[in-house]
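Undergrad: Could you have a look at this structure, given as structure tokens, before my questions?
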Amino acid sequence: MKRHLISAADLTRDDAVLILDTAEEMARVADRPIKKLPTLRGRTVVNLFFEDSTRTRISFEAAAKRLSADVINFSAKGSSVSKGESLKDTALTLEAMGADAVVIRHHASGAPYRLANSGWIDGAVVNAGDGTHEHPTQALLDAFTMRRRLVGRDAGIGQDLSGRRITIVGDVLHSRVARSNVHLLTTLGAEVTLVAPPTLVPVGVESWPCEVSYDLDAVLPKSDAVMMLRVQRERMNAAFFPTEREYSRRYGLDGDRMAKMPEHAVVMHPGPMNRGMEITAAVADSDRCTAVEQVANGVSTRMAVLYLLLGGSEPAVTTNNARTEENK
Ligand code: NCD
């Protein structure tokens, strides 16, 4: 694996499977009464958030704390960034404080890449979402959730998502989640179909390793997982569809549409959800929707990423077998 995690496209199949397998080990820790490992004791992880976030920020914080790292949470609102301080000066400040890893979310696509390749900081850089570009840890936690649901918790170890059919629906144009998922899921052997109104399909999508359809009803019966994307109003500077009603009617997931999916198929959403827009409340709250499970899996997956980037060669979790070996 590389020293930084900037893009899901940088991960090989073996890197991705290693992260998912490590995340399974981390998830076992979450089942214990004491959910903490000493692995990153003495290391400092900085969460550098220039854009709003609920799930991703607290998930990285929980992940770093469960690995016993010291965590510094920085949000641009209320910091010297509001006074016009540059990314460079912010980065130099973090370096002076001895950050071993910087988890960055930024409204500008490419900001994490700049940070990783600038020489301003020595630590590992993890992209927690940059503009409309990428969100690799979201794709990893999504793949982890799919592997568990579609292959199985134990049966999934060492496995990828070969032959699984994944449909990603909605505002693909503005979605870093969709971009990262297309890269990662195809690396893991899945077949990805994007479904969106023509106005919300990115230019150049022909070069992406996936299919594109405008007909959700036709694709649903052939899907093992259906990932609904939020309509990202904050990134829209024009009208991309006539009305909300029209959007929901053609691209929203309601109970009738969900009934067209195979029985084993799951509904996913990265959050935050626009209930009533891309997904009805009944579908969001149904057993087939993994949104809350994705949040829990996010902590295990981010623990795995931080451990693999910072942890060195020590095993993350001492298993009973390893302890028995030690006592021989
Ligand atoms: C996503 C994001 O921020 O890109 N959310 C998340 O990280 N859970 C998707 C979104 O905002 O719609």
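Here's how to read the names in the structure tokens: chain A, B, ... by the order shown, residue numbers from 1 in each chain, ligand numbers from 1 in the order shown.
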Could you please extract the residues within 10 Å of ligand 1, counting only C-alpha atoms and all ligand atoms, and hand them back as a PyMOL selection string?
TA: chain A and resi 51-57+59+105-107+128-139+171+174-178+228-234+269-274+291+294-295+298
Undergrad: Would you pick out the contacts of Val192 of chain A at 6 Å or less, using only C-alpha atoms, so that residues sharing its chain but fewer than 3 positions from it are not included, and give the list as a list in words?
TA: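 The contact residues come out as Ile166, Thr167 and Cys210 of chain A.
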Undergrad: Find the residues around Asp15 of chain A up to 10 Å (only C-alpha atoms counted), leave out those fewer than 5 positions away in its own chain, and share them as a ChimeraX atom specification.
TA: /A:1-2,10,20-21,308
Undergrad: Between A:Val283, A:Leu173, A:Leu188, A:Ala101, which residue has the minimum interatomic distance to Ala69 of chain A, considering only C-alpha atoms?
TA: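 Using only C-alpha atoms, the shortest distance to Ala69 of chain A belongs to A:Ala101.
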Undergrad: Between atom CA of Asp285 of chain A and atom CA of Val267 of chain A, what is the distance, to one decimal in Å?
TA: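 That distance, rounded to one decimal, is 10.5 Å.
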Undergrad: Residues of segment 100-328 of chain A classed as strand (DSSP E) by DSSP on the backbone are to be reported as a ChimeraX atom specification.
TA: /A:101-106,124-130,165-169,191-195,211-213,225-228,266-268
Undergrad: So that I can see what lies close to Ile72 of chain A, please list as a short mmCIF file (atom, residue, chain, number, x, y, z; two decimals) with N, CA and C atoms, in the first residue's frame the residues with an atom at most 9 Å from it, counting only C-alpha atoms and leaving out residues fewer than 6 positions away in the same chain.
TA:
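To be explicit, this is the file written out as around37.cif:
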```cif
data_model
loop_
_atom_site.label_atom_id
_atom_site.label_comp_id
_atom_site.auth_asym_id
_atom_site.auth_seq_id
_atom_site.Cartn_x
_atom_site.Cartn_y
_atom_site.Cartn_z
N THR A 44 -0.21 10.84 16.84
CA THR A 44 -1.19 11.93 16.78
C THR A 44 -1.89 11.94 15.42
N VAL A 45 -3.21 11.91 15.46
CA VAL A 45 -4.02 11.99 14.24
C VAL A 45 -4.78 13.31 14.26
N VAL A 46 -4.64 14.10 13.20
CA VAL A 46 -5.37 15.37 13.12
C VAL A 46 -6.51 15.23 12.12
N ASN A 47 -7.70 15.57 12.53
CA ASN A 47 -8.85 15.63 11.62
C ASN A 47 -9.00 17.06 11.15
N LEU A 48 -8.68 17.30 9.89
CA LEU A 48 -8.64 18.67 9.34
C LEU A 48 -9.85 18.84 8.43
N GLU A 61 -12.67 10.08 14.24
CA GLU A 61 -12.30 10.35 15.63
C GLU A 61 -12.44 9.07 16.47
N ALA A 99 1.99 16.05 13.85
CA ALA A 99 0.91 15.17 13.36
C ALA A 99 1.51 13.96 12.62
#
```
Undergrad: Can you list every residue in segment 31-179 of chain A that DSSP puts in helix (DSSP H, G or I), as a PyMOL selection string?
TA: chain A and resi 55-66+80-83+87-96+111-117+136-151+176-179
Undergrad: State, in Å with one decimal place, the distance from atom CA of His264 of chain A to atom CA of Ala225 of chain A.
TA: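 It comes out at 8.7 Å.
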Undergrad: Find the residue from A:Ser68, A:Asp100, A:Thr187, A:Gly255 that sits nearest to Ala8 of chain A; use only C-alpha atoms when measuring.
TA: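 That would be A:Thr187, the residue with the smallest distance to Ala8 of chain A.
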Undergrad: I'd like the neighbourhood of Val102 of chain A as a PyMOL selection string, where a residue qualifies if any of its atoms comes within 12 Å (using only C-alpha atoms), though same-chain residues fewer than 6 positions away should be ignored.
TA: chain A and resi 3-6+43-49+60-61+64+71-74+90-95+112-113+115-116+120-128+306+309-310
Undergrad: Could those residues be written to a file, using C-alpha atoms, as a short mmCIF file (atom, residue, chain, number, x, y, z; two decimals), in the first residue's frame?
TA:
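Output contents, as saved in part26.cif:
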```
data_model
loop_
_atom_site.label_atom_id
_atom_site.label_comp_id
_atom_site.auth_asym_id
_atom_site.auth_seq_id
_atom_site.Cartn_x
_atom_site.Cartn_y
_atom_site.Cartn_z
CA ARG A 3 1.96 5.95 2.23
CA HIS A 4 -1.19 8.07 1.75
CA LEU A 5 -4.81 7.27 0.86
CA ILE A 6 -5.86 9.91 -1.65
CA ARG A 43 0.71 8.78 17.70
CA THR A 44 -1.19 11.93 16.78
CA VAL A 45 -4.02 11.99 14.24
CA VAL A 46 -5.37 15.37 13.12
CA ASN A 47 -8.85 15.63 11.62
CA LEU A 48 -8.64 18.67 9.34
CA PHE A 49 -12.17 19.50 8.19
CA PHE A 60 -12.40 9.00 12.07
CA GLU A 61 -12.30 10.35 15.63
CA ALA A 64 -8.28 6.89 16.02
CA VAL A 71 -6.75 13.04 18.27
CA ILE A 72 -6.86 16.72 17.39
CA ASN A 73 -10.05 17.91 15.74
CA PHE A 74 -9.71 20.97 13.58
CA THR A 90 -2.37 25.47 8.36
CA ALA A 91 -0.33 22.41 7.30
CA LEU A 92 2.93 23.86 8.67
CA THR A 93 1.18 24.46 12.00
CA LEU A 94 0.04 20.83 12.13
CA GLU A 95 3.54 19.64 11.26
CA PRO A 112 -5.47 16.15 -0.16
CA TYR A 113 -3.16 15.41 -3.11
CA LEU A 115 -1.07 18.25 1.01
CA ALA A 116 0.47 14.80 0.46
CA TRP A 120 4.70 20.69 4.08
CA ILE A 121 4.04 17.69 6.29
CA ASP A 122 5.76 14.35 6.87
CA GLY A 123 2.78 12.35 8.06
CA ALA A 124 0.32 10.16 6.14
CA VAL A 125 -2.55 11.97 4.43
CA VAL A 126 -6.01 10.43 4.27
CA ASN A 127 -8.63 11.91 1.97
CA ALA A 128 -11.96 12.23 3.82
CA LEU A 306 -5.14 4.20 10.07
CA LEU A 309 -0.83 3.49 7.22
CA LEU A 310 0.65 4.12 10.68
#
```
Undergrad: Residues at most 12 Å from Leu185 of chain A, counting only C-alpha atoms, excluding those fewer than 2 positions away in the same chain, as JSON, numbers by chain?
TA: {"A": [8, 9, 11, 12, 13, 16, 17, 136, 138, 139, 140, 141, 142, 143, 144, 146, 147, 160, 161, 162, 163, 164, 165, 166, 167, 168, 177, 178, 179, 180, 181, 182, 183, 187, 188, 189, 190, 191, 192, 193, 208, 209, 210, 225]}
